[in-house]
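Below: target_24.txt (compact mmCIF, N, CA, C and O atoms)
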```txt
# COMPACT_ATOMS: atom_id res chain seq x y z
N MET M 1 0.84 -1.18 0.00
CA MET M 1 0.00 0.00 0.00
C MET M 1 0.88 1.24 0.00
O MET M 1 1.89 1.30 0.67
N SER M 2 0.45 2.23 -0.74
CA SER M 2 1.22 3.45 -0.78
C SER M 2 0.85 4.35 0.39
O SER M 2 -0.09 4.09 1.13
N GLU M 3 1.58 5.43 0.52
CA GLU M 3 1.35 6.36 1.61
C GLU M 3 -0.02 7.02 1.49
O GLU M 3 -0.68 7.30 2.48
N LYS M 4 -0.47 7.25 0.25
CA LYS M 4 -1.78 7.86 0.03
C LYS M 4 -2.91 6.95 0.50
O LYS M 4 -3.94 7.41 0.96
N ASP M 5 -2.74 5.65 0.33
CA ASP M 5 -3.79 4.69 0.67
C ASP M 5 -4.04 4.61 2.17
O ASP M 5 -5.17 4.41 2.60
N ILE M 6 -2.98 4.76 2.96
CA ILE M 6 -3.13 4.56 4.40
C ILE M 6 -3.14 5.87 5.19
O ILE M 6 -3.20 5.86 6.41
N ALA M 7 -3.07 6.99 4.49
CA ALA M 7 -3.04 8.28 5.18
C ALA M 7 -4.37 8.55 5.88
O ALA M 7 -5.42 8.09 5.46
N VAL M 8 -4.31 9.29 6.95
CA VAL M 8 -5.51 9.68 7.68
C VAL M 8 -6.26 10.70 6.83
O VAL M 8 -5.66 11.58 6.23
N LYS M 9 -7.58 10.57 6.80
CA LYS M 9 -8.39 11.47 5.97
C LYS M 9 -8.31 12.89 6.51
O LYS M 9 -8.70 13.16 7.64
N LYS M 10 -7.81 13.79 5.68
CA LYS M 10 -7.72 15.18 6.08
C LYS M 10 -9.05 15.89 5.88
O LYS M 10 -9.42 16.77 6.65
N TYR M 11 -9.78 15.49 4.84
CA TYR M 11 -11.06 16.09 4.52
C TYR M 11 -12.17 15.06 4.72
O TYR M 11 -12.27 14.11 3.95
N VAL M 12 -12.97 15.24 5.75
CA VAL M 12 -14.02 14.29 6.08
C VAL M 12 -15.33 14.77 5.46
O VAL M 12 -15.75 15.91 5.66
N VAL M 13 -15.97 13.88 4.71
CA VAL M 13 -17.23 14.20 4.02
C VAL M 13 -18.40 13.79 4.91
O VAL M 13 -18.51 12.63 5.29
N LYS M 14 -19.24 14.76 5.23
CA LYS M 14 -20.48 14.47 5.97
C LYS M 14 -21.62 15.16 5.23
O LYS M 14 -21.72 16.38 5.25
N LEU M 15 -22.46 14.37 4.59
CA LEU M 15 -23.56 14.89 3.79
C LEU M 15 -24.84 14.98 4.61
O LEU M 15 -25.10 14.11 5.44
N SER M 16 -25.63 15.99 4.33
CA SER M 16 -26.95 16.09 4.96
C SER M 16 -27.91 15.17 4.21
O SER M 16 -27.59 14.66 3.13
N ASP M 17 -29.09 14.95 4.78
CA ASP M 17 -30.08 14.11 4.11
C ASP M 17 -30.49 14.71 2.77
O ASP M 17 -30.69 13.98 1.79
N GLU M 18 -30.60 16.03 2.71
CA GLU M 18 -30.98 16.71 1.47
C GLU M 18 -29.92 16.52 0.39
O GLU M 18 -30.24 16.21 -0.76
N GLU M 19 -28.64 16.68 0.76
CA GLU M 19 -27.56 16.50 -0.20
C GLU M 19 -27.50 15.06 -0.69
O GLU M 19 -27.31 14.80 -1.89
N ARG M 20 -27.66 14.11 0.22
CA ARG M 20 -27.65 12.70 -0.16
C ARG M 20 -28.79 12.40 -1.13
O ARG M 20 -28.63 11.68 -2.11
N GLY M 21 -29.96 12.97 -0.87
CA GLY M 21 -31.11 12.80 -1.75
C GLY M 21 -30.86 13.38 -3.13
O GLY M 21 -31.22 12.77 -4.15
N GLN M 22 -30.22 14.55 -3.19
CA GLN M 22 -29.90 15.17 -4.48
C GLN M 22 -28.94 14.30 -5.28
O GLN M 22 -29.10 14.14 -6.49
N LEU M 23 -27.95 13.74 -4.60
CA LEU M 23 -26.98 12.88 -5.29
C LEU M 23 -27.63 11.60 -5.80
O LEU M 23 -27.37 11.17 -6.93
N ASN M 24 -28.49 10.98 -5.00
CA ASN M 24 -29.19 9.77 -5.43
C ASN M 24 -30.10 10.06 -6.61
O ASN M 24 -30.18 9.27 -7.56
N THR M 25 -30.79 11.19 -6.58
CA THR M 25 -31.66 11.58 -7.70
C THR M 25 -30.82 11.81 -8.96
O THR M 25 -31.21 11.39 -10.05
N LEU M 26 -29.69 12.47 -8.79
CA LEU M 26 -28.80 12.74 -9.93
C LEU M 26 -28.33 11.44 -10.59
O LEU M 26 -28.35 11.32 -11.81
N ILE M 27 -27.96 10.47 -9.77
CA ILE M 27 -27.44 9.21 -10.29
C ILE M 27 -28.53 8.37 -10.96
O ILE M 27 -28.29 7.76 -11.99
N HIS M 28 -29.72 8.36 -10.38
CA HIS M 28 -30.76 7.44 -10.85
C HIS M 28 -31.75 8.02 -11.84
O HIS M 28 -32.67 7.32 -12.25
N SER M 29 -31.60 9.28 -12.24
CA SER M 29 -32.57 9.83 -13.18
C SER M 29 -31.91 10.76 -14.19
O SER M 29 -30.97 11.49 -13.86
N GLY M 30 -32.40 10.73 -15.42
CA GLY M 30 -31.95 11.64 -16.45
C GLY M 30 -30.57 11.34 -16.99
O GLY M 30 -29.93 10.36 -16.63
N LYS M 31 -30.15 12.20 -17.90
CA LYS M 31 -28.82 12.10 -18.51
C LYS M 31 -27.94 13.19 -17.92
O LYS M 31 -28.32 14.35 -17.89
N HIS M 32 -26.76 12.80 -17.49
CA HIS M 32 -25.82 13.74 -16.91
C HIS M 32 -24.42 13.39 -17.38
O HIS M 32 -24.14 12.23 -17.70
N PRO M 33 -23.51 14.35 -17.40
CA PRO M 33 -22.12 14.06 -17.80
C PRO M 33 -21.49 13.02 -16.88
O PRO M 33 -21.76 12.98 -15.68
N ALA M 34 -20.65 12.18 -17.46
CA ALA M 34 -20.01 11.10 -16.71
C ALA M 34 -19.18 11.65 -15.55
O ALA M 34 -19.13 11.06 -14.47
N ARG M 35 -18.54 12.79 -15.75
CA ARG M 35 -17.72 13.41 -14.71
C ARG M 35 -18.57 13.75 -13.49
O ARG M 35 -18.18 13.52 -12.35
N LYS M 36 -19.77 14.28 -13.74
CA LYS M 36 -20.67 14.66 -12.65
C LYS M 36 -21.18 13.44 -11.91
O LYS M 36 -21.27 13.43 -10.67
N LEU M 37 -21.50 12.38 -12.64
CA LEU M 37 -21.97 11.14 -12.01
C LEU M 37 -20.88 10.50 -11.16
O LEU M 37 -21.15 9.97 -10.08
N LEU M 38 -19.65 10.54 -11.66
CA LEU M 38 -18.53 9.99 -10.90
C LEU M 38 -18.34 10.74 -9.59
O LEU M 38 -18.18 10.12 -8.53
N LYS M 39 -18.39 12.07 -9.64
CA LYS M 39 -18.25 12.87 -8.41
C LYS M 39 -19.37 12.56 -7.43
O LYS M 39 -19.15 12.46 -6.23
N ALA M 40 -20.59 12.39 -7.94
CA ALA M 40 -21.73 12.07 -7.07
C ALA M 40 -21.52 10.72 -6.39
O ALA M 40 -21.75 10.57 -5.18
N ARG M 41 -21.06 9.74 -7.14
CA ARG M 41 -20.82 8.40 -6.56
C ARG M 41 -19.69 8.45 -5.53
O ARG M 41 -19.75 7.79 -4.49
N ILE M 42 -18.65 9.23 -5.83
CA ILE M 42 -17.53 9.38 -4.89
C ILE M 42 -18.03 9.96 -3.57
O ILE M 42 -17.70 9.46 -2.49
N LEU M 43 -18.83 11.01 -3.65
CA LEU M 43 -19.32 11.66 -2.43
C LEU M 43 -20.21 10.74 -1.62
O LEU M 43 -20.15 10.73 -0.38
N LEU M 44 -21.05 9.95 -2.29
CA LEU M 44 -21.91 9.01 -1.56
C LEU M 44 -21.10 7.94 -0.85
O LEU M 44 -21.41 7.56 0.29
N LYS M 45 -20.08 7.42 -1.51
CA LYS M 45 -19.24 6.39 -0.88
C LYS M 45 -18.38 6.97 0.25
O LYS M 45 -18.09 6.30 1.23
N ALA M 46 -17.98 8.24 0.12
CA ALA M 46 -17.10 8.86 1.11
C ALA M 46 -17.85 9.42 2.31
O ALA M 46 -17.22 9.77 3.31
N ASP M 47 -19.16 9.49 2.23
CA ASP M 47 -19.97 10.07 3.30
C ASP M 47 -19.73 9.35 4.63
O ASP M 47 -19.97 8.16 4.76
N ALA M 48 -19.28 10.10 5.63
CA ALA M 48 -18.94 9.52 6.93
C ALA M 48 -20.02 9.78 7.99
O ALA M 48 -19.78 9.57 9.18
N SER M 49 -21.19 10.22 7.56
CA SER M 49 -22.27 10.44 8.53
C SER M 49 -22.86 9.10 8.95
O SER M 49 -22.44 8.05 8.48
N GLU M 50 -23.88 9.13 9.80
CA GLU M 50 -24.47 7.89 10.33
C GLU M 50 -25.03 7.01 9.21
O GLU M 50 -24.97 5.79 9.29
N VAL M 51 -25.61 7.61 8.20
CA VAL M 51 -26.26 6.86 7.12
C VAL M 51 -25.27 6.49 6.01
O VAL M 51 -25.50 5.55 5.26
N GLY M 52 -24.17 7.21 5.91
CA GLY M 52 -23.21 7.01 4.83
C GLY M 52 -22.36 5.77 5.00
O GLY M 52 -22.35 5.12 6.03
N GLU M 53 -21.63 5.47 3.93
CA GLU M 53 -20.78 4.27 3.92
C GLU M 53 -19.40 4.52 4.51
O GLU M 53 -18.81 3.63 5.09
N GLY M 54 -18.84 5.71 4.32
CA GLY M 54 -17.56 6.07 4.91
C GLY M 54 -16.39 5.25 4.42
O GLY M 54 -15.51 4.89 5.19
N TRP M 55 -16.33 4.97 3.12
CA TRP M 55 -15.24 4.19 2.56
C TRP M 55 -13.95 5.01 2.52
O TRP M 55 -13.97 6.23 2.51
N SER M 56 -12.82 4.32 2.45
CA SER M 56 -11.53 5.00 2.31
C SER M 56 -11.33 5.38 0.84
O SER M 56 -12.02 4.87 -0.05
N ASP M 57 -10.37 6.25 0.60
CA ASP M 57 -10.10 6.70 -0.77
C ASP M 57 -9.72 5.53 -1.68
O ASP M 57 -10.17 5.45 -2.82
N SER M 58 -8.90 4.62 -1.18
CA SER M 58 -8.46 3.49 -2.01
C SER M 58 -9.62 2.55 -2.33
O SER M 58 -9.70 2.02 -3.44
N GLN M 59 -10.53 2.34 -1.38
CA GLN M 59 -11.69 1.49 -1.64
C GLN M 59 -12.59 2.12 -2.69
O GLN M 59 -13.08 1.43 -3.60
N ILE M 60 -12.82 3.43 -2.59
CA ILE M 60 -13.66 4.13 -3.56
C ILE M 60 -13.03 4.10 -4.94
O ILE M 60 -13.69 3.82 -5.94
N ALA M 61 -11.72 4.37 -5.01
CA ALA M 61 -11.02 4.37 -6.29
C ALA M 61 -11.10 3.01 -6.97
O ALA M 61 -11.32 2.92 -8.18
N GLU M 62 -10.95 1.96 -6.20
CA GLU M 62 -11.02 0.61 -6.77
C GLU M 62 -12.44 0.27 -7.23
O GLU M 62 -12.64 -0.26 -8.31
N ALA M 63 -13.43 0.62 -6.43
CA ALA M 63 -14.81 0.29 -6.75
C ALA M 63 -15.32 1.07 -7.97
O ALA M 63 -16.08 0.54 -8.78
N LEU M 64 -14.91 2.32 -8.10
CA LEU M 64 -15.40 3.17 -9.19
C LEU M 64 -14.43 3.26 -10.36
O LEU M 64 -14.68 4.02 -11.30
N ASP M 65 -13.35 2.50 -10.29
CA ASP M 65 -12.35 2.46 -11.36
C ASP M 65 -11.83 3.85 -11.71
O ASP M 65 -11.87 4.29 -12.86
N THR M 66 -11.36 4.55 -10.70
CA THR M 66 -10.77 5.88 -10.88
C THR M 66 -9.51 5.95 -10.02
O THR M 66 -9.12 4.97 -9.40
N SER M 67 -8.86 7.10 -9.99
CA SER M 67 -7.63 7.21 -9.22
C SER M 67 -7.90 7.71 -7.80
O SER M 67 -8.93 8.34 -7.53
N VAL M 68 -6.97 7.42 -6.92
CA VAL M 68 -7.07 7.86 -5.53
C VAL M 68 -7.01 9.39 -5.48
O VAL M 68 -7.68 10.01 -4.66
N ASP M 69 -6.24 9.99 -6.38
CA ASP M 69 -6.13 11.45 -6.42
C ASP M 69 -7.46 12.11 -6.77
O ASP M 69 -7.80 13.15 -6.23
N THR M 70 -8.23 11.51 -7.68
CA THR M 70 -9.54 12.04 -8.03
C THR M 70 -10.46 12.02 -6.83
O THR M 70 -11.18 12.99 -6.57
N VAL M 71 -10.42 10.96 -6.07
CA VAL M 71 -11.26 10.84 -4.87
C VAL M 71 -10.83 11.89 -3.84
O VAL M 71 -11.66 12.58 -3.25
N ALA M 72 -9.53 12.02 -3.64
CA ALA M 72 -9.01 12.98 -2.66
C ALA M 72 -9.37 14.42 -3.05
O ALA M 72 -9.76 15.23 -2.20
N ARG M 73 -9.25 14.74 -4.35
CA ARG M 73 -9.61 16.09 -4.81
C ARG M 73 -11.10 16.36 -4.64
O ARG M 73 -11.50 17.49 -4.32
N SER M 74 -11.92 15.35 -4.86
CA SER M 74 -13.37 15.52 -4.68
C SER M 74 -13.70 15.80 -3.22
O SER M 74 -14.53 16.67 -2.93
N ARG M 75 -13.07 15.07 -2.31
CA ARG M 75 -13.26 15.32 -0.87
C ARG M 75 -12.84 16.75 -0.52
O ARG M 75 -13.56 17.49 0.15
N GLN M 76 -11.66 17.13 -1.00
CA GLN M 76 -11.11 18.44 -0.69
C GLN M 76 -12.01 19.55 -1.23
O GLN M 76 -12.29 20.53 -0.54
N ARG M 77 -12.49 19.40 -2.44
CA ARG M 77 -13.33 20.42 -3.05
C ARG M 77 -14.66 20.57 -2.30
O ARG M 77 -15.17 21.68 -2.16
N LEU M 78 -15.21 19.46 -1.83
CA LEU M 78 -16.45 19.53 -1.06
C LEU M 78 -16.25 20.32 0.23
O LEU M 78 -17.04 21.20 0.56
N VAL M 79 -15.18 20.02 0.93
CA VAL M 79 -14.93 20.68 2.21
C VAL M 79 -14.58 22.16 2.02
O VAL M 79 -15.07 23.02 2.74
N GLU M 80 -13.76 22.47 1.02
CA GLU M 80 -13.30 23.83 0.84
C GLU M 80 -14.28 24.72 0.07
O GLU M 80 -14.44 25.88 0.41
N ASP M 81 -14.90 24.18 -0.99
CA ASP M 81 -15.71 25.01 -1.88
C ASP M 81 -17.21 24.79 -1.75
O ASP M 81 -18.00 25.59 -2.26
N GLY M 82 -17.63 23.69 -1.15
CA GLY M 82 -19.05 23.46 -0.98
C GLY M 82 -19.62 22.40 -1.91
O GLY M 82 -18.96 21.94 -2.84
N PHE M 83 -20.87 22.06 -1.67
CA PHE M 83 -21.55 20.96 -2.37
C PHE M 83 -21.73 21.24 -3.86
O PHE M 83 -21.38 20.43 -4.70
N ALA M 84 -22.27 22.40 -4.20
CA ALA M 84 -22.55 22.73 -5.60
C ALA M 84 -21.27 22.82 -6.42
O ALA M 84 -21.22 22.38 -7.58
N ALA M 85 -20.22 23.39 -5.85
CA ALA M 85 -18.96 23.55 -6.57
C ALA M 85 -18.30 22.20 -6.86
O ALA M 85 -17.59 22.06 -7.86
N THR M 86 -18.54 21.22 -6.03
CA THR M 86 -17.94 19.90 -6.23
C THR M 86 -18.46 19.23 -7.49
O THR M 86 -17.72 18.60 -8.22
N LEU M 87 -19.75 19.40 -7.75
CA LEU M 87 -20.36 18.76 -8.92
C LEU M 87 -20.18 19.56 -10.19
O LEU M 87 -20.30 19.01 -11.29
N ALA M 88 -19.89 20.84 -10.10
CA ALA M 88 -19.75 21.70 -11.28
C ALA M 88 -18.36 21.54 -11.88
O ALA M 88 -17.37 21.38 -11.16
N TYR M 89 -18.30 21.62 -13.21
CA TYR M 89 -17.01 21.56 -13.90
C TYR M 89 -16.32 22.91 -13.77
O TYR M 89 -16.93 23.95 -13.97
N LYS M 90 -15.06 22.88 -13.45
CA LYS M 90 -14.30 24.11 -13.27
C LYS M 90 -13.16 24.13 -14.29
O LYS M 90 -12.27 23.29 -14.24
N TYR M 91 -13.22 25.07 -15.21
CA TYR M 91 -12.15 25.20 -16.20
C TYR M 91 -10.92 25.78 -15.53
O TYR M 91 -10.99 26.78 -14.82
N SER M 92 -9.79 25.15 -15.77
CA SER M 92 -8.54 25.63 -15.20
C SER M 92 -7.74 26.37 -16.28
O SER M 92 -7.37 25.78 -17.30
N PRO M 93 -7.46 27.65 -16.08
CA PRO M 93 -6.68 28.38 -17.07
C PRO M 93 -5.25 27.86 -17.19
O PRO M 93 -4.56 28.14 -18.17
N ALA M 94 -4.80 27.10 -16.21
CA ALA M 94 -3.45 26.55 -16.24
C ALA M 94 -3.39 25.20 -16.94
O ALA M 94 -2.35 24.55 -16.95
N SER M 95 -4.51 24.76 -17.52
CA SER M 95 -4.52 23.45 -18.17
C SER M 95 -3.66 23.46 -19.43
O SER M 95 -3.35 24.52 -20.00
N ALA M 96 -3.32 22.30 -19.90
CA ALA M 96 -2.46 22.18 -21.07
C ALA M 96 -3.20 22.58 -22.36
O ALA M 96 -2.57 22.97 -23.33
N ARG M 97 -4.51 22.48 -22.36
CA ARG M 97 -5.29 22.79 -23.55
C ARG M 97 -5.89 24.19 -23.43
O ARG M 97 -6.80 24.41 -22.64
N PRO M 98 -5.39 25.12 -24.22
CA PRO M 98 -5.93 26.49 -24.11
C PRO M 98 -7.33 26.59 -24.70
O PRO M 98 -7.71 25.80 -25.56
N ARG M 99 -8.08 27.58 -24.28
CA ARG M 99 -9.42 27.82 -24.80
C ARG M 99 -9.33 28.26 -26.26
O ARG M 99 -8.42 29.00 -26.64
N ILE M 100 -10.29 27.84 -27.05
CA ILE M 100 -10.31 28.18 -28.47
C ILE M 100 -10.82 29.61 -28.66
O ILE M 100 -10.28 30.37 -29.46
N PHE M 101 -11.86 29.98 -27.93
CA PHE M 101 -12.46 31.30 -28.06
C PHE M 101 -12.37 32.07 -26.75
O PHE M 101 -12.54 31.51 -25.68
N ASP M 102 -12.13 33.38 -26.88
CA ASP M 102 -12.28 34.23 -25.70
C ASP M 102 -13.72 34.70 -25.64
O ASP M 102 -14.54 34.32 -26.48
N GLY M 103 -14.07 35.53 -24.71
CA GLY M 103 -15.46 35.96 -24.52
C GLY M 103 -16.04 36.66 -25.73
O GLY M 103 -17.17 36.41 -26.15
N ALA M 104 -15.27 37.56 -26.36
CA ALA M 104 -15.77 38.33 -27.51
C ALA M 104 -15.98 37.41 -28.72
O ALA M 104 -17.01 37.52 -29.41
N ALA M 105 -15.04 36.53 -28.98
CA ALA M 105 -15.17 35.62 -30.12
C ALA M 105 -16.32 34.65 -29.92
O ALA M 105 -17.04 34.31 -30.87
N GLU M 106 -16.53 34.20 -28.68
CA GLU M 106 -17.64 33.29 -28.39
C GLU M 106 -18.97 34.00 -28.61
O GLU M 106 -19.91 33.43 -29.18
N ALA M 107 -19.07 35.25 -28.17
CA ALA M 107 -20.32 36.02 -28.37
C ALA M 107 -20.60 36.23 -29.86
O ALA M 107 -21.75 36.13 -30.30
N LYS M 108 -19.55 36.48 -30.63
CA LYS M 108 -19.70 36.68 -32.08
C LYS M 108 -20.19 35.40 -32.74
O LYS M 108 -21.06 35.42 -33.61
N LEU M 109 -19.64 34.27 -32.33
CA LEU M 109 -20.05 32.97 -32.88
C LEU M 109 -21.50 32.67 -32.56
O LEU M 109 -22.26 32.20 -33.42
N ILE M 110 -21.91 32.95 -31.33
CA ILE M 110 -23.31 32.71 -30.94
C ILE M 110 -24.25 33.61 -31.73
O ILE M 110 -25.31 33.18 -32.20
N ALA M 111 -23.86 34.87 -31.93
CA ALA M 111 -24.69 35.79 -32.71
C ALA M 111 -24.79 35.35 -34.16
O ALA M 111 -25.83 35.47 -34.78
N LEU M 112 -23.72 34.79 -34.67
CA LEU M 112 -23.70 34.30 -36.05
C LEU M 112 -24.63 33.09 -36.22
O LEU M 112 -25.31 32.96 -37.22
N ALA M 113 -24.65 32.24 -35.22
CA ALA M 113 -25.46 31.02 -35.28
C ALA M 113 -26.92 31.40 -35.13
O ALA M 113 -27.82 30.87 -35.67
```
Target encoding structure tokens, full file:
Amino acid sequence: MSEKDIAVKKYVVKLSDEERGQLNTLIHSGKHPARKLLKARILLKADASEVGEGWSDSQIAEALDTSVDTVARSRQRLVEDGFAATLAYKYSPASARPRIFDGAAEAKLIALA
């Protein structure tokens, strides 16, 4: 086991009944982006409240076929930024792939369409 697998959880996820209900509804109904569904499943498995499962990062990563880092970042984002921000996609300006359009060019394209 690596150091990440056995580390003490720095960010503990505790979901309210309302948040848990929203995540279950998200997973079981409609069409949603795979990234959003994965985050919802991670949060449900990581929930350490009385009703939650409280799995470790390595257990969640193995069960959902993702990386331990993805699980850890999801926990961290929930604790630091809140519930809604965890499920929303956040574009990183430091990413390797630059944006194709800036705001003005995007507005021009939409007006053209």
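The spacing separating atom CA of Val12 of chain M from atom CA of Thr25 of chain M amounts to 22.5 Å.
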Enumerate, in order of chain and increasing residue number, the residues of segment 12-74 of chain M with an atom no farther than 6 Å from segment 85-89 of chain M, each with its shortest atom pair and distance in Å to one decimal, counting all atoms listed in the file, as a Markdown table.
```
| residue | atom | partner | partner_atom | distance |
| --- | --- | --- | --- | --- |
| M:Arg35 | C | M:Leu87 | O | 6.0 |
| M:Lys36 | CA | M:Leu87 | O | 4.6 |
| M:Lys39 | CA | M:Thr86 | O | 5.8 |
| M:Ser74 | O | M:Thr86 | CA | 5.7 |
```
Would you save the residues of that selection, restricted to N, CA, C and O atoms, as a tab-separated table (two decimals), keeping the file's coordinate frame?
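Output below, filename again_16.tsv:
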```
chain	number	residue	atom	x	y	z
M	35	ARG	N	-18.54	12.79	-15.75
M	35	ARG	CA	-17.72	13.41	-14.71
M	35	ARG	C	-18.57	13.75	-13.49
M	35	ARG	O	-18.18	13.52	-12.35
M	36	LYS	N	-19.77	14.28	-13.74
M	36	LYS	CA	-20.67	14.66	-12.65
M	36	LYS	C	-21.18	13.44	-11.91
M	36	LYS	O	-21.27	13.43	-10.67
M	39	LYS	N	-18.39	12.07	-9.64
M	39	LYS	CA	-18.25	12.87	-8.41
M	39	LYS	C	-19.37	12.56	-7.43
M	39	LYS	O	-19.15	12.46	-6.23
M	74	SER	N	-11.92	15.35	-4.86
M	74	SER	CA	-13.37	15.52	-4.68
M	74	SER	C	-13.70	15.80	-3.22
M	74	SER	O	-14.53	16.67	-2.93
```
Any idea what's packed within 5 Å of segment 47-62 of chain M, counting only N, CA, C and O atoms, ignoring anything in its chain fewer than 6 positions away? Could you give it as a PDB file with N, CA, C and O atoms, keeping the file's coordinate frame?
```pdb
ATOM      1  N   VAL M  13     -15.970  13.880   4.710  1.00  0.00           N
ATOM      2  CA  VAL M  13     -17.230  14.200   4.020  1.00  0.00           C
ATOM      3  C   VAL M  13     -18.400  13.790   4.910  1.00  0.00           C
ATOM      4  O   VAL M  13     -18.510  12.630   5.290  1.00  0.00           O
ATOM      5  N   LYS M  14     -19.240  14.760   5.230  1.00  0.00           N
ATOM      6  CA  LYS M  14     -20.480  14.470   5.970  1.00  0.00           C
ATOM      7  C   LYS M  14     -21.620  15.160   5.230  1.00  0.00           C
ATOM      8  O   LYS M  14     -21.720  16.380   5.250  1.00  0.00           O
ATOM      9  N   VAL M  68      -6.970   7.420  -6.920  1.00  0.00           N
ATOM     10  CA  VAL M  68      -7.070   7.860  -5.530  1.00  0.00           C
ATOM     11  C   VAL M  68      -7.010   9.390  -5.480  1.00  0.00           C
ATOM     12  O   VAL M  68      -7.680  10.010  -4.660  1.00  0.00           O
TER      13      VAL M  68
END
```
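The list of residues within 5 Å of (-16.9, 12.8, -7.4), counted using all atoms listed in the file, is Leu38, Lys39, Ala40, Ile42 and Leu43 of chain M.
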Output N, CA, C and O atoms for every residue in the selection just made, as an mmCIF file, keeping the file's coordinate frame.
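The result, written out as selection.cif:
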```
data_model
loop_
_atom_site.group_PDB
_atom_site.id
_atom_site.type_symbol
_atom_site.label_atom_id
_atom_site.label_comp_id
_atom_site.auth_asym_id
_atom_site.auth_seq_id
_atom_site.Cartn_x
_atom_site.Cartn_y
_atom_site.Cartn_z
ATOM 1 N N LEU M 38 -19.650 10.540 -11.660
ATOM 2 C CA LEU M 38 -18.530 9.990 -10.900
ATOM 3 C C LEU M 38 -18.340 10.740 -9.590
ATOM 4 O O LEU M 38 -18.180 10.120 -8.530
ATOM 5 N N LYS M 39 -18.390 12.070 -9.640
ATOM 6 C CA LYS M 39 -18.250 12.870 -8.410
ATOM 7 C C LYS M 39 -19.370 12.560 -7.430
ATOM 8 O O LYS M 39 -19.150 12.460 -6.230
ATOM 9 N N ALA M 40 -20.590 12.390 -7.940
ATOM 10 C CA ALA M 40 -21.730 12.070 -7.070
ATOM 11 C C ALA M 40 -21.520 10.720 -6.390
ATOM 12 O O ALA M 40 -21.750 10.570 -5.180
ATOM 13 N N ILE M 42 -18.650 9.230 -5.830
ATOM 14 C CA ILE M 42 -17.530 9.380 -4.890
ATOM 15 C C ILE M 42 -18.030 9.960 -3.570
ATOM 16 O O ILE M 42 -17.700 9.460 -2.490
ATOM 17 N N LEU M 43 -18.830 11.010 -3.650
ATOM 18 C CA LEU M 43 -19.320 11.660 -2.430
ATOM 19 C C LEU M 43 -20.210 10.740 -1.620
ATOM 20 O O LEU M 43 -20.150 10.730 -0.380
#
```
Please, which residues of chain M, numbered as in this document, come out helix (DSSP H, G or I) from DSSP, as an NGL selection string?
-> :M and (3-6 or 17-28 or 34-46 or 57-64 or 68-81 or 83-87 or 103-112)
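Distance-wise, atom CA of Leu64 of chain M and atom CA of Arg41 of chain M end up 8.0 Å apart.
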